[in-house]
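Note: the block below is target36.tsv and it holds TSV, C-alpha atoms.
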chain	number	residue	atom	x	y	z
A	12	MET	CA	21.86	53.38	50.95
A	13	ASP	CA	22.93	49.83	50.30
A	14	GLU	CA	22.22	48.54	46.79
A	15	ASN	CA	19.64	46.05	48.06
A	16	VAL	CA	17.52	48.72	49.74
A	17	ASP	CA	14.51	49.60	47.62
A	18	PRO	CA	15.30	52.80	45.66
A	19	ILE	CA	12.05	54.31	46.98
A	20	TYR	CA	13.94	55.05	50.22
A	21	THR	CA	16.51	57.18	48.43
A	22	ILE	CA	13.83	58.90	46.34
A	23	GLN	CA	11.64	59.69	49.33
A	24	LEU	CA	14.50	60.79	51.59
A	25	ARG	CA	15.70	63.20	48.92
A	26	ARG	CA	12.17	64.45	48.25
A	27	LEU	CA	11.03	64.85	51.85
A	28	LYS	CA	14.33	65.99	53.39
A	29	PRO	CA	16.26	67.84	50.66
A	30	ASP	CA	18.71	69.19	53.25
A	31	LEU	CA	19.70	65.62	54.21
A	32	PHE	CA	22.71	64.34	52.27
A	33	VAL	CA	21.64	60.98	50.80
A	34	MET	CA	23.69	58.75	48.51
A	35	ALA	CA	23.02	55.26	47.25
A	36	VAL	CA	25.27	52.51	45.99
A	37	ARG	CA	25.02	52.80	42.22
A	38	ASP	CA	25.04	56.65	42.22
A	39	LEU	CA	27.78	58.24	40.12
A	40	THR	CA	30.16	58.95	43.02
A	41	THR	CA	29.47	55.85	45.11
A	42	PRO	CA	30.58	52.23	44.79
A	43	LYS	CA	29.14	50.36	41.83
A	44	LYS	CA	26.30	47.88	42.13
A	45	GLY	CA	27.78	44.50	43.04
A	46	THR	CA	30.49	45.96	45.29
A	47	LEU	CA	31.09	43.61	48.21
A	48	ASP	CA	29.99	44.71	51.68
A	49	PRO	CA	33.53	44.92	53.13
A	50	GLU	CA	34.43	47.38	50.36
A	51	ILE	CA	31.25	49.38	51.02
A	52	LEU	CA	32.27	49.69	54.67
A	53	LEU	CA	35.69	50.98	53.62
A	54	TRP	CA	34.01	53.52	51.35
A	55	CYS	CA	31.66	54.62	54.17
A	56	GLU	CA	34.64	55.06	56.47
A	57	GLU	CA	36.57	57.08	53.89
A	58	HIS	CA	33.59	59.32	53.07
A	59	ASN	CA	32.16	59.55	56.60
A	60	CYS	CA	28.79	58.10	55.57
A	61	ILE	CA	26.34	56.12	57.64
A	62	LEU	CA	25.15	53.00	55.83
A	63	VAL	CA	21.44	52.17	55.64
A	64	THR	CA	20.87	48.53	54.76
A	65	ASN	CA	18.38	45.69	55.05
A	66	ASN	CA	21.18	43.14	55.51
A	67	CYS	CA	20.75	41.89	59.07
A	68	LYS	CA	22.43	38.53	58.46
A	69	SER	CA	25.94	39.21	57.23
A	70	MET	CA	26.43	42.93	57.94
A	71	PRO	CA	27.15	42.36	61.66
A	72	VAL	CA	29.89	39.89	60.65
A	73	HIS	CA	31.31	42.35	58.11
A	74	LEU	CA	31.31	45.12	60.73
A	75	ALA	CA	33.09	42.88	63.25
A	76	ASP	CA	35.75	42.04	60.67
A	77	HIS	CA	36.03	45.72	59.70
A	78	LEU	CA	36.56	46.79	63.32
A	79	ALA	CA	39.00	43.93	63.95
A	80	ALA	CA	41.11	45.30	61.09
A	81	ASN	CA	41.30	48.60	63.02
A	82	HIS	CA	38.81	50.38	60.76
A	83	HIS	CA	35.76	52.41	61.73
A	84	VAL	CA	32.38	53.44	60.31
A	85	PRO	CA	30.12	56.35	61.25
A	86	GLY	CA	27.33	53.83	61.82
A	87	ILE	CA	24.99	51.34	60.20
A	88	PHE	CA	21.19	51.37	60.32
A	89	ILE	CA	19.27	48.24	59.45
A	90	LEU	CA	15.74	48.78	58.18
A	91	ASN	CA	13.02	46.99	60.09
A	92	PRO	CA	11.21	44.52	57.80
A	93	LYS	CA	8.13	44.68	60.06
A	94	LEU	CA	7.72	48.40	59.33
A	95	SER	CA	6.32	49.93	56.18
A	96	VAL	CA	8.50	52.12	53.98
A	97	SER	CA	6.91	55.24	55.48
A	98	GLU	CA	7.45	53.98	59.03
A	99	ASN	CA	11.12	53.16	58.33
A	100	LEU	CA	11.52	56.60	56.73
A	101	GLU	CA	9.99	58.24	59.80
A	102	GLN	CA	12.49	56.43	62.00
A	103	LEU	CA	15.37	57.58	59.77
A	104	PHE	CA	14.09	61.19	59.94
A	105	LEU	CA	13.91	61.05	63.74
A	106	ILE	CA	17.44	59.66	63.96
A	107	ALA	CA	18.81	62.25	61.51
A	108	GLU	CA	17.21	65.13	63.40
A	109	GLY	CA	18.07	63.98	66.90
A	110	SER	CA	21.52	62.44	66.61
A	111	LEU	CA	24.77	63.72	68.02
A	112	ASP	CA	28.00	63.70	66.03
A	113	ASN	CA	29.62	60.24	66.12
A	114	GLU	CA	26.73	58.85	68.16
A	115	TYR	CA	26.53	55.69	66.07
A	116	GLN	CA	30.21	55.22	65.28
A	117	ASP	CA	31.18	51.57	64.92
A	118	ARG	CA	27.68	50.38	65.79
A	119	ILE	CA	24.78	48.72	64.04
A	120	GLU	CA	21.35	50.00	65.01
A	121	PHE	CA	18.17	48.18	64.13
A	122	LEU	CA	15.28	50.55	63.47
A	123	PRO	CA	12.77	50.05	66.30
A	124	LEU	CA	9.14	49.12	66.21
A	125	PHE	CA	6.59	51.79	67.08
As a first step, turn the structure in this file into structure tokens.
Amino acid sequence: MDENVDPIYTIQLRRLKPDLFVMAVRDLTTPKKGTLDPEILLWCEEHNCILVTNNCKSMPVHLADHLAANHHVPGIFILNPKLSVSENLEQLFLIAEGSLDNEYQDRIEFLPLF
């Protein structure tokens, strides 16, 4: 989880899906709050983590730069601001349960509307 995503997402994902491995920027073993997005992408690549963010403006640019530098990421999901927290969580659960390995590599996916 990106640092700008409301912590309720991390709390609820951990509570409702304890078997799902969820980390958030600012956790003990993750980048510190204030870490720049390009560094977060490098961390996600190194630790094979999909990034969940609400940054739809600059993250596509950061991903393009990251890929141009011959790097990769397992994927990026951008929360839909038109959905409630519970609706966004439901979308994340569906994706987690129905995804194939490497399905979202080097891609940004916007969570859909119902």
Q | Atomic distance CA of Leu103 in chain A - CA of Leu24 in chain A, expressed in Å with one decimal | A |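 Distance reported for this atom pair: 8.8 Å.
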(Q) I want to know what sits within 9 Å of Leu53 in chain A, based on all atoms listed in the file, with residues of the same chain fewer than 6 positions away left out; could you give that as a ChimeraX atom specification? (A) /A:77,82-84
**Q.** Nearest to Cys67 in chain A, chosen from A:Ile19, A:Ile51, A:Asn91, A:Gly45, with only C-alpha atoms counted in the distances
**A.**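 Residue with the minimum atom-to-atom distance to Cys67 in chain A: A:Asn91.
Note that CA of Gln23 in chain A and CA of Asp117 in chain A are 26.3 Å apart.
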Q: Give me the residues within 9 Å of Pro42 in chain A as a VMD selection string, counting all atoms listed in the file and dropping any in the same chain fewer than 5 places off.
A: chain A and resid 35 to 37 50 to 51 54
Q. A:Lys44, A:Asn59, A:Asn15, A:Pro92: which is nearest Phe32 in chain A, counting only C-alpha atoms?
A. A:Asn59
(Q) When you count only C-alpha atoms, which of these residues is closest to Asn65 in chain A: A:Arg25, A:Asp30, A:Phe88, A:Glu108? (A)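 That would be A:Phe88, the residue with the smallest distance to Asn65 in chain A.
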Q.
Counting all atoms listed in the file, which residue out of A:Leu52, A:Ile87, A:Ala80, A:Leu27 sits closest to Phe104 in chain A?
A.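 Among A:Leu52, A:Ile87, A:Ala80, A:Leu27, it is A:Leu27 that comes nearest to Phe104 in chain A.
As for CA of Ala79 in chain A and CA of Asp38 in chain A, they are spaced 28.8 Å apart.
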Q) If we count all atoms listed in the file, what is near Tyr115 in chain A at a cut-off of 8 Å, once residues fewer than 3 positions away on the same chain are taken out, given as a VMD selection string? A) chain A and resid 85 to 87 118 to 120
(Q) When you look at Pro123 in chain A with a cut-off of 10 Å (counting only C-alpha atoms), what residues show up, excluding the ones that are within fewer than 6 positions of it in the same chain? I need them as a PyMOL selection string. (A) chain A and resi 89-91+93-94+98-99+102
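Using only C-alpha atoms, the shortest contact distance between Thr64 in chain A and any of A:Glu101, A:Asp13, A:Glu114, A:Asp76 is found at A:Asp13.
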Missing atoms in range 60-71 of chain A should be modelled up to all heavy atoms and reported as a PDB file, in the coordinates of the input.
ATOM      1  N   CYS A  60      30.210  58.331  55.851  1.00  0.00           N
ATOM      2  CA  CYS A  60      28.790  58.100  55.570  1.00  0.00           C
ATOM      3  C   CYS A  60      28.246  56.968  56.415  1.00  0.00           C
ATOM      4  O   CYS A  60      28.882  55.925  56.558  1.00  0.00           O
ATOM      5  CB  CYS A  60      28.597  57.751  54.092  1.00  0.00           C
ATOM      6  SG  CYS A  60      28.904  59.105  52.971  1.00  0.00           S
ATOM      7  N   ILE A  61      27.061  57.179  56.941  1.00  0.00           N
ATOM      8  CA  ILE A  61      26.340  56.120  57.640  1.00  0.00           C
ATOM      9  C   ILE A  61      25.669  55.246  56.593  1.00  0.00           C
ATOM     10  O   ILE A  61      25.090  55.753  55.633  1.00  0.00           O
ATOM     11  CB  ILE A  61      25.295  56.717  58.606  1.00  0.00           C
ATOM     12  CG1 ILE A  61      26.005  57.414  59.771  1.00  0.00           C
ATOM     13  CG2 ILE A  61      24.334  55.647  59.103  1.00  0.00           C
ATOM     14  CD1 ILE A  61      25.084  58.149  60.709  1.00  0.00           C
ATOM     15  N   LEU A  62      25.744  53.950  56.773  1.00  0.00           N
ATOM     16  CA  LEU A  62      25.150  53.000  55.830  1.00  0.00           C
ATOM     17  C   LEU A  62      23.747  52.623  56.303  1.00  0.00           C
ATOM     18  O   LEU A  62      23.541  52.299  57.471  1.00  0.00           O
ATOM     19  CB  LEU A  62      26.015  51.742  55.739  1.00  0.00           C
ATOM     20  CG  LEU A  62      25.505  50.640  54.817  1.00  0.00           C
ATOM     21  CD1 LEU A  62      25.478  51.115  53.363  1.00  0.00           C
ATOM     22  CD2 LEU A  62      26.366  49.394  54.957  1.00  0.00           C
ATOM     23  N   VAL A  63      22.782  52.681  55.389  1.00  0.00           N
ATOM     24  CA  VAL A  63      21.440  52.170  55.640  1.00  0.00           C
ATOM     25  C   VAL A  63      21.306  50.911  54.793  1.00  0.00           C
ATOM     26  O   VAL A  63      21.563  50.931  53.587  1.00  0.00           O
ATOM     27  CB  VAL A  63      20.351  53.197  55.264  1.00  0.00           C
ATOM     28  CG1 VAL A  63      18.961  52.602  55.452  1.00  0.00           C
ATOM     29  CG2 VAL A  63      20.508  54.466  56.093  1.00  0.00           C
ATOM     30  N   THR A  64      20.923  49.822  55.439  1.00  0.00           N
ATOM     31  CA  THR A  64      20.870  48.530  54.760  1.00  0.00           C
ATOM     32  C   THR A  64      19.679  47.728  55.261  1.00  0.00           C
ATOM     33  O   THR A  64      19.048  48.079  56.259  1.00  0.00           O
ATOM     34  CB  THR A  64      22.191  47.748  54.995  1.00  0.00           C
ATOM     35  OG1 THR A  64      22.163  46.544  54.224  1.00  0.00           O
ATOM     36  CG2 THR A  64      22.418  47.433  56.459  1.00  0.00           C
ATOM     37  N   ASN A  65      19.379  46.653  54.566  1.00  0.00           N
ATOM     38  CA  ASN A  65      18.380  45.690  55.050  1.00  0.00           C
ATOM     39  C   ASN A  65      19.058  44.338  55.317  1.00  0.00           C
ATOM     40  O   ASN A  65      18.403  43.342  55.506  1.00  0.00           O
ATOM     41  CB  ASN A  65      17.230  45.546  54.049  1.00  0.00           C
ATOM     42  CG  ASN A  65      17.696  45.235  52.649  1.00  0.00           C
ATOM     43  OD1 ASN A  65      18.863  44.933  52.421  1.00  0.00           O
ATOM     44  ND2 ASN A  65      16.789  45.319  51.691  1.00  0.00           N
ATOM     45  N   ASN A  66      20.378  44.343  55.348  1.00  0.00           N
ATOM     46  CA  ASN A  66      21.180  43.140  55.510  1.00  0.00           C
ATOM     47  C   ASN A  66      21.461  42.884  56.996  1.00  0.00           C
ATOM     48  O   ASN A  66      22.470  43.321  57.526  1.00  0.00           O
ATOM     49  CB  ASN A  66      22.491  43.287  54.724  1.00  0.00           C
ATOM     50  CG  ASN A  66      23.390  42.084  54.855  1.00  0.00           C
ATOM     51  OD1 ASN A  66      23.132  41.168  55.627  1.00  0.00           O
ATOM     52  ND2 ASN A  66      24.470  42.094  54.098  1.00  0.00           N
ATOM     53  N   CYS A  67      20.562  42.155  57.633  1.00  0.00           N
ATOM     54  CA  CYS A  67      20.750  41.890  59.070  1.00  0.00           C
ATOM     55  C   CYS A  67      21.497  40.585  59.322  1.00  0.00           C
ATOM     56  O   CYS A  67      21.857  40.289  60.456  1.00  0.00           O
ATOM     57  CB  CYS A  67      19.411  41.897  59.795  1.00  0.00           C
ATOM     58  SG  CYS A  67      18.279  40.609  59.275  1.00  0.00           S
ATOM     59  N   LYS A  68      21.761  39.817  58.268  1.00  0.00           N
ATOM     60  CA  LYS A  68      22.430  38.530  58.460  1.00  0.00           C
ATOM     61  C   LYS A  68      23.945  38.652  58.415  1.00  0.00           C
ATOM     62  O   LYS A  68      24.631  38.273  59.359  1.00  0.00           O
ATOM     63  CB  LYS A  68      21.945  37.530  57.416  1.00  0.00           C
ATOM     64  CG  LYS A  68      20.492  37.143  57.638  1.00  0.00           C
ATOM     65  CD  LYS A  68      20.040  36.093  56.678  1.00  0.00           C
ATOM     66  CE  LYS A  68      18.579  35.761  56.964  1.00  0.00           C
ATOM     67  NZ  LYS A  68      18.054  34.786  56.057  1.00  0.00           N
ATOM     68  N   SER A  69      24.479  39.192  57.338  1.00  0.00           N
ATOM     69  CA  SER A  69      25.940  39.210  57.230  1.00  0.00           C
ATOM     70  C   SER A  69      26.580  40.540  57.606  1.00  0.00           C
ATOM     71  O   SER A  69      27.774  40.577  57.893  1.00  0.00           O
ATOM     72  CB  SER A  69      26.374  38.817  55.805  1.00  0.00           C
ATOM     73  OG  SER A  69      25.922  39.760  54.868  1.00  0.00           O
ATOM     74  N   MET A  70      25.815  41.632  57.637  1.00  0.00           N
ATOM     75  CA  MET A  70      26.430  42.930  57.940  1.00  0.00           C
ATOM     76  C   MET A  70      27.074  42.961  59.337  1.00  0.00           C
ATOM     77  O   MET A  70      28.161  43.522  59.489  1.00  0.00           O
ATOM     78  CB  MET A  70      25.438  44.075  57.765  1.00  0.00           C
ATOM     79  CG  MET A  70      26.104  45.430  57.740  1.00  0.00           C
ATOM     80  SD  MET A  70      27.439  45.615  56.521  1.00  0.00           S
ATOM     81  CE  MET A  70      26.516  45.715  55.007  1.00  0.00           C
ATOM     82  N   PRO A  71      26.456  42.381  60.371  1.00  0.00           N
ATOM     83  CA  PRO A  71      27.150  42.360  61.660  1.00  0.00           C
ATOM     84  C   PRO A  71      28.511  41.658  61.599  1.00  0.00           C
ATOM     85  O   PRO A  71      29.474  42.095  62.237  1.00  0.00           O
ATOM     86  CB  PRO A  71      26.176  41.620  62.585  1.00  0.00           C
ATOM     87  CG  PRO A  71      24.832  41.908  61.992  1.00  0.00           C
ATOM     88  CD  PRO A  71      25.074  41.887  60.492  1.00  0.00           C
TER      89      PRO A  71
END
